[in-house]
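Beneath this line is the structure, given in structure tokens, with notes to follow.
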Amino acid sequence: MAFRSIAPMSDPVNPIDEPPPALTEPHHLLGAYLDYFRSVVPNKLDGLAEHELRTSRLPSGWTPLELLHHLTHVERRWLRWGFLGEAVDEPWGDRGPEDRWQVPESMSSAEVRARYEEQCAWSRATVAGVPLERRAATGGRFTTEAEAPTLGWILFHLLQEYARHAGQLDVVRELADGSVGE
């Protein structure tokens, strides 16, 4: 199964727009940029055949589908286990042998994407209206108040992780089929 098709390289299209420049409130601006990159990443996978989604083109060995699965767990680790301090089963569940990202063979690409979209929706709802200066709860990822970051720090950390991984997918996608652009 291929993700949605995209325009060929000769006709670059930007179906996802950055947040508007008039947006100034920090919480909304940060949320809008996170949503922007939350959309850019799966968009980079659209049009790739199942084989391409599960094939690595890089010496490190990760695949595009593994990266999407990884980001699902990143959101879960930082917001559910980290910010809320909830107990979670297998917080590092995106890791396989040799501490490498891994998608279980039994998990379809559609299931990986659905779990990603579900986690992003949960994350969005969880932080809506919560002050950026609120500290993460203890008892989950963080054992002491001194090591518990603010929600603002966590969201900026997520933003940099998304931006970095979106750039990596730019390269992988261009190597896979020549597609460039957001």
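Following the order of the structure tokens, first chain is A, next is B, and so on, with residues numbered from 1 inside each chain and ligands from 1 in the order they appear.
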I want to know what sits within 9 Å of stretch 133-140 of chain A, based on only C-alpha atoms, with residues of the same chain fewer than 2 positions away left out; could you give that as a PyMOL selection string? chain A and resi 79-88+130-131+142-145+147-154
A:Ser108 environment, 10 Å, only C-alpha atoms, sequence neighbours closer than 5 positions dropped, as a PDB file with N, CA and C atoms, in the first residue's frame:
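The resulting file, out_16.pdb, is reproduced below:
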```pdb
ATOM      1  N   MET A   1       0.840  -1.178   0.000  1.00  0.00           N
ATOM      2  CA  MET A   1       0.000   0.000   0.000  1.00  0.00           C
ATOM      3  C   MET A   1       0.882   1.237   0.000  1.00  0.00           C
ATOM      4  N   GLU A  50       5.076   0.458  -0.328  1.00  0.00           N
ATOM      5  CA  GLU A  50       5.374  -0.246   0.926  1.00  0.00           C
ATOM      6  C   GLU A  50       6.850  -0.630   1.003  1.00  0.00           C
ATOM      7  N   LEU A  65       9.321   4.477   7.452  1.00  0.00           N
ATOM      8  CA  LEU A  65       8.248   4.031   8.342  1.00  0.00           C
ATOM      9  C   LEU A  65       8.729   3.953   9.786  1.00  0.00           C
ATOM     10  N   VAL A 103       9.942  -1.147  13.472  1.00  0.00           N
ATOM     11  CA  VAL A 103       8.496  -1.314  13.370  1.00  0.00           C
ATOM     12  C   VAL A 103       8.247  -2.816  13.355  1.00  0.00           C
ATOM     13  N   ARG A 113       0.736   4.797  10.619  1.00  0.00           N
ATOM     14  CA  ARG A 113       0.264   6.160  10.396  1.00  0.00           C
ATOM     15  C   ARG A 113      -0.930   6.494  11.285  1.00  0.00           C
ATOM     16  N   ALA A 114      -1.855   5.567  11.431  1.00  0.00           N
ATOM     17  CA  ALA A 114      -3.029   5.810  12.276  1.00  0.00           C
ATOM     18  C   ALA A 114      -2.615   6.044  13.725  1.00  0.00           C
TER      19      ALA A 114
END
```
Determine, counting only C-alpha atoms, which protein, DNA and RNA residues have an atom within 10 Å of an atom of A:Pro20; residues of the same chain fewer than 5 positions away are not included. Present the result as a PyMOL selection string. chain A and resi 29+32-33
Determine, counting only C-alpha atoms, which protein, DNA and RNA residues have an atom within 9 Å of an atom of A:Trp92; residues of the same chain fewer than 4 positions away are not included. Present the result as a VMD selection string. chain A and resid 73 to 74 77
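Computed from the coordinates, the atom CA of A:Leu53 to atom CA of A:Val112 distance equals 11.0 Å.
Among A:Glu66, A:Glu75, A:Glu25, A:Glu174, the residue with the shortest atom-to-atom distance to A:Ser109, counting only C-alpha atoms, is A:Glu66.
Of the listed residues A:Leu67, A:Leu45, A:Trp122, A:Thr24, the one whose atoms come nearest to A:Val180 is A:Leu45, with distances taken using only C-alpha atoms.
Using only C-alpha atoms, the shortest contact distance between A:His69 and any of A:Gln168, A:Ser123, A:Ser179, A:Gln102 is found at A:Gln102.
Considering only C-alpha atoms, the residue among A:Pro26, A:Gly47, A:Pro104, A:Gly96 positioned nearest to A:Arg173 is A:Gly47.
If you look at atom CA of A:Val40 and atom CA of A:Met107, they are 22.1 Å away from each other.
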DSSP on the backbone: which residues in chain A end up as helix (DSSP H, G or I)? Give the answer as a PyMOL selection string. chain A and resi 26-45+50-53+64-83+97-99+109-127+145-147+151-177
